[in-house]
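Content type mmCIF, C-alpha atoms and all ligand atoms, from the file upload12.cif:
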data_protein
loop_
_atom_site.label_atom_id
_atom_site.label_comp_id
_atom_site.auth_asym_id
_atom_site.auth_seq_id
_atom_site.Cartn_x
_atom_site.Cartn_y
_atom_site.Cartn_z
CA MET A 1354 104.32 147.71 101.12
CA GLN A 1355 104.24 143.95 100.52
CA PRO A 1356 100.72 142.55 100.93
CA LEU A 1357 100.58 140.07 103.79
CA CYS A 1358 97.04 138.83 103.22
CA ILE A 1359 94.17 139.00 100.75
CA ARG A 1360 92.69 141.94 102.67
CA ASP A 1361 95.80 144.01 101.80
CA ILE A 1362 95.30 143.24 98.12
CA GLU A 1363 91.59 144.02 98.40
CA GLN A 1364 92.49 147.38 99.93
CA PHE A 1365 94.89 148.11 97.07
CA ALA A 1366 92.19 147.25 94.54
CA SER A 1367 89.59 149.40 96.26
CA GLU A 1368 91.97 152.37 95.96
CA ASN A 1369 93.14 151.69 92.40
CA LEU A 1370 90.32 150.15 90.38
CA SER A 1371 88.09 152.57 88.50
CA LYS A 1372 84.71 153.36 90.08
CA ASN A 1373 83.15 151.66 87.07
CA ALA A 1374 85.03 148.37 87.63
CA LEU A 1375 84.50 148.43 91.40
CA SER A 1376 80.76 148.88 90.98
CA TYR A 1377 80.64 145.66 88.97
CA TYR A 1378 83.26 143.55 90.75
CA ASN A 1379 82.43 144.20 94.39
CA VAL A 1380 78.65 144.53 94.18
CA GLY A 1381 76.19 142.12 95.81
CA ALA A 1382 72.46 141.83 95.19
CA ASP A 1383 69.85 143.96 96.95
CA ASP A 1384 70.89 144.70 100.58
CA GLU A 1385 74.09 142.64 100.15
CA GLU A 1386 73.26 140.45 103.17
CA THR A 1387 74.54 137.30 101.49
CA LEU A 1388 77.65 139.12 100.29
CA ARG A 1389 78.50 139.97 103.92
CA ASP A 1390 77.45 136.58 105.31
CA ASN A 1391 79.80 134.81 102.90
CA VAL A 1392 82.78 136.32 104.70
CA GLU A 1393 81.31 136.36 108.23
CA ILE A 1394 80.19 132.73 108.33
CA PHE A 1395 83.69 131.41 108.92
CA LYS A 1396 83.67 132.94 112.40
CA ARG A 1397 81.02 130.36 113.35
CA ILE A 1398 83.43 127.49 112.85
CA ARG A 1399 86.36 126.72 115.14
CA ILE A 1400 89.38 124.59 114.34
CA ARG A 1401 90.29 121.66 116.65
CA PRO A 1402 94.09 121.40 116.46
CA ARG A 1403 95.90 118.14 117.25
CA MET A 1404 99.33 118.30 118.86
CA LEU A 1405 102.53 116.24 118.82
CA ILE A 1406 102.32 115.30 115.17
CA ASP A 1407 105.37 115.69 112.92
CA VAL A 1408 104.31 118.42 110.50
CA THR A 1409 107.68 119.18 108.92
CA ASN A 1410 106.44 117.81 105.59
CA VAL A 1411 103.00 118.81 104.40
CA ASP A 1412 101.38 117.82 101.12
CA LEU A 1413 98.62 120.15 99.89
CA SER A 1414 98.01 118.37 96.61
CA THR A 1415 94.72 116.75 95.68
CA THR A 1416 92.77 115.77 92.56
CA ILE A 1417 89.65 117.20 90.99
CA LEU A 1418 87.83 114.98 88.53
CA GLY A 1419 90.93 112.82 88.35
CA ARG A 1420 93.44 115.60 87.66
CA LYS A 1421 96.14 116.58 90.11
CA ILE A 1422 96.35 120.11 91.47
CA GLU A 1423 99.00 121.30 93.93
CA MET A 1424 96.50 122.79 96.36
CA PRO A 1425 92.74 122.49 96.88
CA ILE A 1426 92.19 126.10 95.82
CA GLY A 1427 91.05 126.91 92.29
CA ILE A 1428 89.81 129.95 90.39
CA SER A 1429 86.09 130.68 90.02
CA PRO A 1430 84.82 132.11 86.74
CA THR A 1431 84.59 135.89 86.81
CA ALA A 1432 83.54 137.93 83.81
CA MET A 1433 85.47 140.77 82.21
CA GLN A 1434 88.89 140.48 83.82
CA LYS A 1435 90.42 143.12 81.52
CA LEU A 1436 88.62 145.73 83.60
CA ALA A 1437 91.19 144.92 86.29
CA HIS A 1438 94.31 144.65 84.13
CA PRO A 1439 95.00 144.82 80.38
CA ASP A 1440 96.26 141.20 80.40
CA GLY A 1441 92.98 140.04 81.97
CA GLU A 1442 92.20 136.34 81.59
CA ILE A 1443 95.59 135.61 79.96
CA ALA A 1444 97.32 136.75 83.15
CA THR A 1445 95.00 134.61 85.26
CA ALA A 1446 95.61 131.55 83.09
CA GLN A 1447 99.38 132.00 83.36
CA ALA A 1448 99.20 132.35 87.14
CA ALA A 1449 96.99 129.26 87.50
CA LYS A 1450 99.41 127.25 85.38
CA PHE A 1451 102.38 128.50 87.42
CA MET A 1452 100.67 127.59 90.70
CA LYS A 1453 99.55 124.24 89.23
CA THR A 1454 95.90 124.77 89.95
CA CYS A 1455 92.69 125.04 87.93
CA MET A 1456 91.33 128.15 86.23
CA THR A 1457 87.68 128.43 85.23
CA LEU A 1458 87.05 130.79 82.30
CA SER A 1459 83.77 132.73 82.16
CA THR A 1460 81.53 132.72 79.09
CA TYR A 1461 81.53 136.51 79.57
CA SER A 1462 85.32 136.86 79.36
CA THR A 1463 87.19 139.69 77.68
CA THR A 1464 89.65 137.17 76.18
CA SER A 1465 88.53 134.42 73.82
CA ILE A 1466 88.32 130.74 74.71
CA GLU A 1467 91.03 130.07 72.10
CA ASP A 1468 93.49 132.68 73.42
CA VAL A 1469 93.09 131.46 77.00
CA GLY A 1470 93.61 127.90 75.77
CA VAL A 1471 96.96 128.91 74.30
CA ALA A 1472 98.05 130.92 77.36
CA SER A 1473 97.11 128.09 79.66
CA GLY A 1474 99.30 125.57 77.79
CA ASP A 1475 99.29 122.32 79.74
CA GLY A 1476 97.60 124.02 82.72
CA LEU A 1477 94.26 122.68 83.93
CA ARG A 1478 91.34 124.77 82.70
CA TRP A 1479 87.57 124.46 82.83
CA PHE A 1480 85.03 126.46 80.84
CA GLN A 1481 82.07 128.07 82.62
CA LEU A 1482 79.03 127.87 80.39
CA TYR A 1483 75.94 130.03 80.38
CA VAL A 1484 73.35 128.21 78.28
CA SER A 1485 72.16 130.66 75.65
CA PRO A 1486 68.59 130.76 74.29
CA ASP A 1487 70.38 130.06 71.02
CA ARG A 1488 71.29 126.38 71.38
CA GLU A 1489 73.55 126.49 68.30
CA LEU A 1490 75.59 129.22 70.00
CA THR A 1491 75.73 127.06 73.14
CA ARG A 1492 76.85 124.03 71.14
CA ASN A 1493 79.48 126.20 69.50
CA PHE A 1494 80.86 127.33 72.90
CA VAL A 1495 81.08 123.72 74.03
CA HIS A 1496 82.98 122.63 70.95
CA ARG A 1497 85.32 125.63 71.11
CA ALA A 1498 86.11 124.75 74.72
CA GLU A 1499 86.76 121.12 73.80
CA ARG A 1500 89.06 122.12 70.94
CA SER A 1501 90.97 124.54 73.19
CA GLY A 1502 91.83 121.92 75.79
CA PHE A 1503 89.31 122.77 78.52
CA LYS A 1504 88.70 119.66 80.60
CA ALA A 1505 85.22 120.27 82.02
CA LEU A 1506 82.13 122.42 81.55
CA VAL A 1507 80.99 124.35 84.60
CA VAL A 1508 77.33 125.08 83.88
CA THR A 1509 76.02 127.99 85.95
CA VAL A 1510 72.41 127.46 86.97
CA ASP A 1511 71.73 130.33 89.38
CA VAL A 1512 71.16 133.08 86.82
CA PRO A 1513 67.67 132.50 85.35
CA VAL A 1514 67.51 136.30 85.67
CA ALA A 1515 70.17 138.75 86.81
CA GLY A 1516 70.34 139.61 90.49
CA ASN A 1517 69.36 143.15 91.44
CA ARG A 1518 72.73 144.88 91.75
CA ARG A 1519 71.99 148.41 92.91
CA LYS A 1520 75.53 149.77 93.03
CA GLU A 1521 76.08 148.69 89.45
CA ILE A 1522 72.85 150.40 88.38
CA ARG A 1523 73.61 153.61 90.32
CA GLN A 1524 77.09 153.79 88.81
CA GLY A 1525 75.73 153.17 85.30
CA PHE A 1526 78.31 150.43 84.89
CA ASP A 1527 79.27 149.53 81.34
CA LEU A 1528 82.14 147.83 79.56
CA PRO A 1529 84.47 150.56 78.22
CA PRO A 1530 84.50 150.80 74.40
CA HIS A 1531 88.04 149.36 74.06
CA LEU A 1532 86.90 146.06 75.66
CA HIS A 1533 84.44 143.47 74.38
CA LEU A 1534 82.95 140.12 75.33
CA ALA A 1535 85.43 138.09 73.34
CA ASN A 1536 83.43 134.88 72.93
CA PHE A 1537 80.47 136.57 71.27
CA SER A 1538 80.18 138.08 67.82
CA SER A 1539 79.66 141.82 67.75
CA ASN A 1540 75.92 141.56 67.02
CA SER A 1541 75.10 139.08 69.84
CA PHE A 1542 73.85 141.87 72.06
CA LYS A 1543 72.16 143.99 69.39
CA GLY A 1544 69.32 146.01 70.82
CA VAL A 1545 70.83 146.25 74.27
CA ASP A 1546 70.27 149.74 75.60
CA THR A 1547 72.39 150.41 78.66
CA GLU A 1548 70.72 153.79 79.08
CA VAL A 1549 67.36 152.24 80.03
CA GLU A 1550 66.43 153.72 83.39
CA ASN A 1551 66.81 151.38 86.39
CA SER A 1552 68.07 148.53 84.23
CA GLY A 1553 71.80 148.09 84.63
CA TRP A 1554 74.37 146.17 82.65
CA SER A 1555 73.57 142.73 84.11
CA ASN A 1556 69.88 143.02 83.42
CA ASN A 1557 70.49 143.98 79.82
CA TYR A 1558 73.28 141.54 79.07
CA GLN A 1559 71.50 138.51 80.51
CA MET A 1560 69.75 138.18 77.14
CA GLN A 1561 72.35 135.56 76.21
CA ILE A 1562 71.50 133.50 79.31
CA ASP A 1563 68.45 131.25 78.95
CA GLY A 1564 66.08 131.68 81.90
CA SER A 1565 64.07 128.65 80.80
CA ILE A 1566 66.73 125.98 81.28
CA THR A 1567 65.80 122.91 83.35
CA TRP A 1568 67.44 119.64 84.35
CA GLU A 1569 66.56 118.43 80.85
CA SER A 1570 68.95 121.06 79.50
CA ILE A 1571 71.70 119.60 81.68
CA SER A 1572 70.97 116.15 80.31
CA TRP A 1573 71.04 117.57 76.78
CA LEU A 1574 74.47 119.10 77.42
CA GLN A 1575 75.72 115.71 78.58
CA THR A 1576 74.72 114.29 75.20
CA ILE A 1577 76.62 116.86 73.13
CA THR A 1578 79.99 116.71 74.90
CA SER A 1579 82.54 114.25 76.14
CA LEU A 1580 83.59 116.74 78.83
CA GLN A 1581 82.48 116.26 82.42
CA VAL A 1582 79.58 118.57 83.30
CA ILE A 1583 79.81 120.35 86.66
CA VAL A 1584 76.71 122.14 87.95
CA LYS A 1585 77.52 125.49 89.62
CA GLY A 1586 75.07 127.32 91.86
CA ILE A 1587 73.55 124.45 93.86
CA LEU A 1588 72.37 125.31 97.38
CA THR A 1589 70.07 122.46 98.44
CA ALA A 1590 70.26 118.73 99.08
CA GLU A 1591 67.27 118.25 96.74
CA ASP A 1592 69.09 119.75 93.77
CA ALA A 1593 72.31 117.92 94.63
CA SER A 1594 70.34 114.63 94.65
CA GLU A 1595 68.82 115.44 91.25
CA ALA A 1596 72.30 116.14 89.90
CA ILE A 1597 73.41 112.72 91.13
CA ARG A 1598 70.40 111.07 89.46
CA ARG A 1599 71.48 112.77 86.22
CA GLY A 1600 74.97 111.29 86.47
CA ILE A 1601 76.72 114.52 87.43
CA LYS A 1602 80.12 113.82 88.98
CA ALA A 1603 80.85 117.23 90.52
CA ILE A 1604 78.60 119.74 92.27
CA TRP A 1605 79.69 123.33 92.83
CA ILE A 1606 77.95 124.87 95.82
CA SER A 1607 77.71 128.61 95.31
CA ASN A 1608 75.50 131.64 95.88
CA HIS A 1609 77.34 133.44 93.07
CA GLY A 1610 79.33 135.58 95.48
CA GLY A 1611 76.10 137.12 96.85
CA ARG A 1612 75.29 138.61 93.44
CA GLN A 1613 72.07 136.72 92.69
CA LEU A 1614 69.36 135.99 95.29
CA ASP A 1615 70.02 137.93 98.48
CA GLY A 1616 69.13 136.05 101.67
CA VAL A 1617 70.17 132.57 100.58
CA PRO A 1618 72.56 130.54 102.77
CA THR A 1619 76.29 130.57 102.40
CA ALA A 1620 77.99 127.55 100.84
CA ILE A 1621 79.37 126.61 104.25
CA GLU A 1622 75.88 126.43 105.78
CA VAL A 1623 74.52 124.01 103.18
CA LEU A 1624 77.68 121.96 102.79
CA PRO A 1625 76.75 119.38 105.48
CA GLU A 1626 73.30 118.64 104.03
CA ILE A 1627 74.73 118.34 100.54
CA VAL A 1628 77.57 116.07 101.69
CA GLU A 1629 74.92 113.90 103.32
CA ALA A 1630 72.76 113.80 100.17
CA VAL A 1631 75.64 113.14 97.78
CA LYS A 1632 77.08 110.24 99.76
CA GLU A 1633 80.43 110.40 97.97
CA GLN A 1634 78.82 109.85 94.56
CA ALA A 1635 80.19 113.19 93.31
CA GLU A 1636 82.89 115.65 94.22
CA ILE A 1637 81.75 118.81 95.99
CA TYR A 1638 83.31 122.21 95.40
CA VAL A 1639 82.44 125.47 97.16
CA ASP A 1640 82.96 129.17 96.63
CA GLY A 1641 81.95 132.50 98.18
CA GLY A 1642 83.83 134.63 100.68
CA PHE A 1643 87.04 132.59 101.00
CA ARG A 1644 89.73 135.06 102.02
CA LEU A 1645 91.99 133.09 104.42
CA GLY A 1646 93.74 129.73 104.56
CA THR A 1647 91.72 128.96 107.68
CA ASP A 1648 88.50 129.48 105.65
CA VAL A 1649 89.70 126.90 103.15
CA PHE A 1650 90.63 124.46 105.94
CA LYS A 1651 87.14 124.76 107.45
CA ALA A 1652 85.39 123.99 104.15
CA LEU A 1653 87.62 120.98 103.53
CA ALA A 1654 86.84 119.72 107.04
CA LEU A 1655 83.12 119.97 106.31
CA GLY A 1656 83.47 117.85 103.18
CA ALA A 1657 84.43 120.10 100.25
CA ARG A 1658 86.94 118.60 97.85
CA ALA A 1659 88.15 122.00 96.69
CA VAL A 1660 87.51 125.69 97.28
CA PHE A 1661 87.34 128.30 94.52
CA ILE A 1662 87.90 132.04 94.72
CA GLY A 1663 86.39 134.84 92.67
CA ARG A 1664 86.97 138.48 93.64
CA PRO A 1665 90.45 137.99 95.16
CA ILE A 1666 91.68 137.03 91.68
CA LEU A 1667 90.31 140.30 90.26
CA TRP A 1668 91.97 142.27 93.09
CA GLY A 1669 95.23 140.39 92.41
CA LEU A 1670 95.01 141.29 88.71
CA CYS A 1671 94.62 144.93 89.65
CA TYR A 1672 97.51 144.68 92.12
CA ASN A 1673 100.04 143.34 89.61
CA GLY A 1674 98.63 141.40 86.65
CA SER A 1675 99.72 137.76 86.53
CA ASP A 1676 102.16 138.24 89.42
CA GLY A 1677 99.33 139.71 91.47
CA VAL A 1678 97.18 136.63 90.85
CA LYS A 1679 100.14 134.43 91.79
CA LYS A 1680 100.50 136.45 94.97
CA VAL A 1681 96.85 135.86 95.90
CA LEU A 1682 97.18 132.12 95.30
CA GLN A 1683 100.54 131.96 97.08
CA LEU A 1684 99.21 133.76 100.14
CA LEU A 1685 96.24 131.40 100.43
CA LYS A 1686 98.48 128.39 99.88
CA GLU A 1687 100.91 129.45 102.58
CA GLU A 1688 98.09 130.22 104.98
CA LEU A 1689 96.49 126.84 104.35
CA GLN A 1690 99.82 125.09 104.84
CA ARG A 1691 100.45 126.90 108.13
CA THR A 1692 96.89 126.15 109.28
CA MET A 1693 97.41 122.47 108.52
CA GLN A 1694 100.70 122.41 110.40
CA LEU A 1695 99.24 124.17 113.43
CA ALA A 1696 96.25 121.82 113.36
CA GLY A 1697 98.36 118.67 113.06
CA CYS A 1698 97.47 117.74 109.47
CA THR A 1699 100.13 116.66 106.97
CA SER A 1700 97.87 115.91 104.01
CA ILE A 1701 94.48 117.04 102.74
CA GLY A 1702 93.12 113.63 103.74
CA ASP A 1703 93.99 114.39 107.37
CA ILE A 1704 91.43 117.22 107.39
CA THR A 1705 88.17 115.64 108.54
CA PRO A 1706 84.92 116.72 110.25
CA SER A 1707 86.63 116.20 113.60
CA SER A 1708 89.10 118.96 112.63
CA VAL A 1709 86.42 121.58 113.35
CA ILE A 1710 83.70 122.52 115.79
CA TYR A 1711 80.73 123.34 113.66
CA ALA A 1712 79.11 126.16 115.60
CA ILE A 1713 76.83 127.77 113.06
CA ASN A 1714 73.98 129.39 114.93
CA PHE A 1715 71.43 131.19 112.79
CA SER A 1716 70.22 133.38 115.65
CA LYS A 1717 73.65 134.98 115.84
CA ILE A 1718 74.06 135.73 112.14
C1 LIG B 1801 82.85 140.33 88.96
C2 LIG B 1801 82.29 138.95 89.03
C3 LIG B 1801 81.92 138.31 87.85
C4 LIG B 1801 81.42 137.02 87.90
N1 LIG B 1801 81.15 136.38 86.72
C5 LIG B 1801 80.71 135.11 86.76
C6 LIG B 1801 80.48 134.41 85.56
O1 LIG B 1801 80.70 134.92 84.47
N2 LIG B 1801 80.00 133.15 85.64
C7 LIG B 1801 79.76 132.55 86.85
O2 LIG B 1801 79.33 131.39 86.89
N3 LIG B 1801 79.99 133.19 88.01
C8 LIG B 1801 80.47 134.45 87.99
N4 LIG B 1801 80.74 135.08 89.15
C9 LIG B 1801 80.57 134.36 90.43
C10 LIG B 1801 81.88 133.64 90.79
O3 LIG B 1801 82.12 132.56 89.93
C11 LIG B 1801 81.88 133.09 92.22
O4 LIG B 1801 80.75 132.27 92.41
C12 LIG B 1801 81.93 134.16 93.30
O5 LIG B 1801 82.64 135.29 92.87
C13 LIG B 1801 82.59 133.59 94.55
O6 LIG B 1801 82.61 134.52 95.58
P1 LIG B 1801 83.88 135.43 95.95
O7 LIG B 1801 83.97 136.49 94.91
O8 LIG B 1801 83.50 135.95 97.29
O9 LIG B 1801 85.11 134.54 96.00
C14 LIG B 1801 81.25 136.36 89.14
C15 LIG B 1801 81.61 137.02 90.31
C16 LIG B 1801 82.14 138.29 90.26
C17 LIG B 1801 82.55 138.94 91.55
C1 LIG B 1802 73.69 138.37 84.93
C2 LIG B 1802 74.00 138.91 83.60
C3 LIG B 1802 75.30 138.57 83.01
C4 LIG B 1802 76.39 138.51 84.00
C5 LIG B 1802 77.48 137.61 83.58
C6 LIG B 1802 78.59 137.57 84.56
C7 LIG B 1802 78.17 137.14 85.91
O1 LIG B 1802 77.87 135.98 86.14
C8 LIG B 1802 78.14 138.10 87.01
O2 LIG B 1802 77.91 137.68 88.17
O3 LIG B 1802 78.32 139.31 86.78
#
Hey, can you dump this file as structure tokens for me?
Ligand SMILES: Cc1cc2nc3c(=O)[nH]c(=O)nc-3n(C[C@H](O)[C@H](O)[C@H](O)COP(=O)(O)O)c2cc1C
Ligand SMILES: CCCCCCC(=O)C(=O)O
Amino acid sequence: MQPLCIRDIEQFASENLSKNALSYYNVGADDEETLRDNVEIFKRIRIRPRMLIDVTNVDLSTTILGRKIEMPIGISPTAMQKLAHPDGEIATAQAAKFMKTCMTLSTYSTTSIEDVGVASGDGLRWFQLYVSPDRELTRNFVHRAERSGFKALVVTVDVPVAGNRRKEIRQGFDLPPHLHLANFSSNSFKGVDTEVENSGWSNNYQMQIDGSITWESISWLQTITSLQVIVKGILTAEDASEAIRRGIKAIWISNHGGRQLDGVPTAIEVLPEIVEAVKEQAEIYVDGGFRLGTDVFKALALGARAVFIGRPILWGLCYNGSDGVKKVLQLLKEELQRTMQLAGCTSIGDITPSSVIYAINFSKI
């Protein structure tokens, strides 16, 4: 049966991914409250449609950091995509290029920076960076990304330690022996013992993520690269303001798909305060729980420049490799287009705060 929405592709993935992969991909931290909230929050926002507007021609294109994309929907970094399909990150890069949008490659990918650079061709790609305790390794990642045509560094700041991912621990998740973390040398994780009781893969493998990084580390990164630095994992106006003071030109609001601190707000809830703090001095991106074109519309109305998606890409890979990822992006694009037409918007610029009723009520969550 042809999938008609992301939920159909999610269902396919839940029936076809291995238990091992599912325990890693779909898990949230602790009680998974934030994981659930990410999807539920959109019900608190209503769309205000305008009528009697000619919507026969609709333009979904926009720019991110000065580069054109055909829709305001990009791909979040997700680790280890070969667990979903043998073509992994290569398939994702090809789909992103085909759909003329942006792919973000994870530091913890199962395909190397260089190979994704080649597969991506002239497609827009960003590199997600985890700052390692080994600053020479970090510097090396940055220079590899530059050489391979990545146009920005997405520095993830919400993993000073791994979130507590119970399902992953219970399953005993591990990367199968035929796969490896392609950007690291084979001895980068020496000493990791995945058999340690109550530890889990994430806890063990975070050893290449520096828990001591501060805003000074962000400023240091800015000195070693000509690439734009985007800070991913911001959830407060205070941190957004600090990013602005440090000259950051794009802020990525994220709770890491509910995989880090359980009980934090969704991106949608903090978007208004961050928009207010940023005062158009930086672009604002969001991710977490976007599964429908209407979800994307709501975030754009509240001030996001672009929306990124994580798990749906992994489900799409499982569904049909690169074509499956294209399908996910196509479905969201068509849904966004239809939403815009039904709401009386012919361009992304037409989507404004007055396009929604912002009815978030904490007592109901
Ligand atoms: C399996 C998986 C792996 C992830 N790996 C990374 C990663 O390597 N780096 C990172 O910054 N975020 C990572 N994330 C978080 C995503 O970038 C993104 O914030 C989140 O998945 C968005 O929520 P969604 O999955 O509901 O769309 C990962 C998420 C998942 C589900
Ligand atoms: C938290 C330890 C390493 C995980 C790297 C991938 C990632 O970000 C994730 O959410 O999983």
**Request:** Mind checking which residues fall within 7 Å of range 1671-1687 of chain A, counting all atoms listed in the file, ignoring those fewer than 6 positions away in the same chain, and posting them as a ChimeraX atom specification?
**Result:** /A:1358-1359,1362,1365-1366,1370,1424,1437-1438,1440,1444-1445,1447-1448,1452,1645-1646,1665
Kindly export the residues of the current selection with C-alpha atoms, as a PDB file, in the coordinates of the input.
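Output (result.pdb):
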ATOM      1  CA  CYS A1358      97.040 138.830 103.220  1.00  0.00           C
ATOM      2  CA  ILE A1359      94.170 139.000 100.750  1.00  0.00           C
ATOM      3  CA  ILE A1362      95.300 143.240  98.120  1.00  0.00           C
ATOM      4  CA  PHE A1365      94.890 148.110  97.070  1.00  0.00           C
ATOM      5  CA  ALA A1366      92.190 147.250  94.540  1.00  0.00           C
ATOM      6  CA  LEU A1370      90.320 150.150  90.380  1.00  0.00           C
ATOM      7  CA  MET A1424      96.500 122.790  96.360  1.00  0.00           C
ATOM      8  CA  ALA A1437      91.190 144.920  86.290  1.00  0.00           C
ATOM      9  CA  HIS A1438      94.310 144.650  84.130  1.00  0.00           C
ATOM     10  CA  ASP A1440      96.260 141.200  80.400  1.00  0.00           C
ATOM     11  CA  ALA A1444      97.320 136.750  83.150  1.00  0.00           C
ATOM     12  CA  THR A1445      95.000 134.610  85.260  1.00  0.00           C
ATOM     13  CA  GLN A1447      99.380 132.000  83.360  1.00  0.00           C
ATOM     14  CA  ALA A1448      99.200 132.350  87.140  1.00  0.00           C
ATOM     15  CA  MET A1452     100.670 127.590  90.700  1.00  0.00           C
ATOM     16  CA  LEU A1645      91.990 133.090 104.420  1.00  0.00           C
ATOM     17  CA  GLY A1646      93.740 129.730 104.560  1.00  0.00           C
ATOM     18  CA  PRO A1665      90.450 137.990  95.160  1.00  0.00           C
TER      19      PRO A1665
END
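One distance worth recording is that between CA of Thr1454 in chain A and CA of Phe1503 in chain A, which is 13.3 Å.
Rounded to one decimal, atom C4 of ligand LIG 1801 (chain B) and CA of Pro1430 in chain A lie 6.1 Å from each other.
Here the question is which of A:Phe1451, A:Phe1542, A:Trp1605, A:Phe1643 gets nearest to ligand LIG 1801 (chain B) using only C-alpha atoms and all ligand atoms, and that residue is A:Phe1643.
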**Expected answer as a ChimeraX atom specification: residues within 8 Å of ligand LIG 1801 (chain B), all atoms listed in the file** = /A:1377-1380,1388,1391-1392,1429-1434,1458-1462,1481-1483,1507-1510,1585-1586,1607-1612,1640-1644,1661-1665,1667
Polymer residues at most 7 Å from range 1594-1603 of chain A, only C-alpha atoms, same-chain spacing of 2 or more positions, as a tab-separated table (two decimals) with C-alpha atoms, in the frame of the given file:
chain	number	residue	atom	x	y	z
A	1572	SER	CA	70.97	116.15	80.31
A	1582	VAL	CA	79.58	118.57	83.30
A	1583	ILE	CA	79.81	120.35	86.66
A	1584	VAL	CA	76.71	122.14	87.95
A	1590	ALA	CA	70.26	118.73	99.08
A	1591	GLU	CA	67.27	118.25	96.74
A	1592	ASP	CA	69.09	119.75	93.77
A	1605	TRP	CA	79.69	123.33	92.83
A	1630	ALA	CA	72.76	113.80	100.17
A	1631	VAL	CA	75.64	113.14	97.78
A	1634	GLN	CA	78.82	109.85	94.56
A	1635	ALA	CA	80.19	113.19	93.31
A	1636	GLU	CA	82.89	115.65	94.22
A	1637	ILE	CA	81.75	118.81	95.99
**Prompt:** Taking into account only C-alpha atoms and all ligand atoms, which residue in the set A:Tyr1558, A:Trp1568, A:Phe1480, A:Trp1573 is nearest to ligand LIG 1802 (chain B)?
**Reply:** A:Tyr1558
**Prompt:** Which residue, A:Leu1574, A:Leu1506, A:Val1617, A:Ile1562, has the smallest gap to ligand LIG 1802 (chain B) when you use all atoms listed in the file?
**Reply:** A:Ile1562
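Nearest-residue note for ligand LIG 1802 (chain B): choosing from A:Glu1688, A:Asp1648, A:Asp1615, A:Asp1511, the minimum distance belongs to A:Asp1511, counting all atoms listed in the file.
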**Contact residues around Ile1422 in chain A with only C-alpha atoms at 9 Å, ignoring same-chain residues under 6 positions, as a VMD selection string** = chain A and resid 1413 to 1416 1452 to 1455 1477
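Minimum distance to Ser1541 in chain A across A:Asn1373, A:Gln1613, A:Gln1561, A:Ser1555 (counting only C-alpha atoms) occurs at A:Gln1561.
Here the question is which of A:Gln1690, A:Ser1473, A:Thr1409, A:Ser1376 gets nearest to ligand LIG 1802 (chain B) using all atoms listed in the file, and that residue is A:Ser1376.
Going from CA of Glu1629 in chain A to CA of Thr1457 in chain A covers 26.5 Å.
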Set the distance at 10 Å and use all atoms listed in the file: which residues neighbour range 1704-1710 of chain A once local chain neighbours fewer than 3 positions away are removed? I'd like the list as an mmCIF file with C-alpha atoms, in the coordinates of the input.
data_model
loop_
_atom_site.group_PDB
_atom_site.id
_atom_site.type_symbol
_atom_site.label_atom_id
_atom_site.label_comp_id
_atom_site.auth_asym_id
_atom_site.auth_seq_id
_atom_site.Cartn_x
_atom_site.Cartn_y
_atom_site.Cartn_z
ATOM 1 C CA ARG A 1397 81.020 130.360 113.350
ATOM 2 C CA ILE A 1398 83.430 127.490 112.850
ATOM 3 C CA ARG A 1399 86.360 126.720 115.140
ATOM 4 C CA ILE A 1400 89.380 124.590 114.340
ATOM 5 C CA ARG A 1401 90.290 121.660 116.650
ATOM 6 C CA PRO A 1402 94.090 121.400 116.460
ATOM 7 C CA ARG A 1403 95.900 118.140 117.250
ATOM 8 C CA PRO A 1625 76.750 119.380 105.480
ATOM 9 C CA PHE A 1650 90.630 124.460 105.940
ATOM 10 C CA LYS A 1651 87.140 124.760 107.450
ATOM 11 C CA ALA A 1652 85.390 123.990 104.150
ATOM 12 C CA LEU A 1653 87.620 120.980 103.530
ATOM 13 C CA ALA A 1654 86.840 119.720 107.040
ATOM 14 C CA LEU A 1655 83.120 119.970 106.310
ATOM 15 C CA GLY A 1656 83.470 117.850 103.180
ATOM 16 C CA MET A 1693 97.410 122.470 108.520
ATOM 17 C CA ALA A 1696 96.250 121.820 113.360
ATOM 18 C CA GLY A 1697 98.360 118.670 113.060
ATOM 19 C CA CYS A 1698 97.470 117.740 109.470
ATOM 20 C CA THR A 1699 100.130 116.660 106.970
ATOM 21 C CA SER A 1700 97.870 115.910 104.010
ATOM 22 C CA ILE A 1701 94.480 117.040 102.740
ATOM 23 C CA ILE A 1713 76.830 127.770 113.060
#
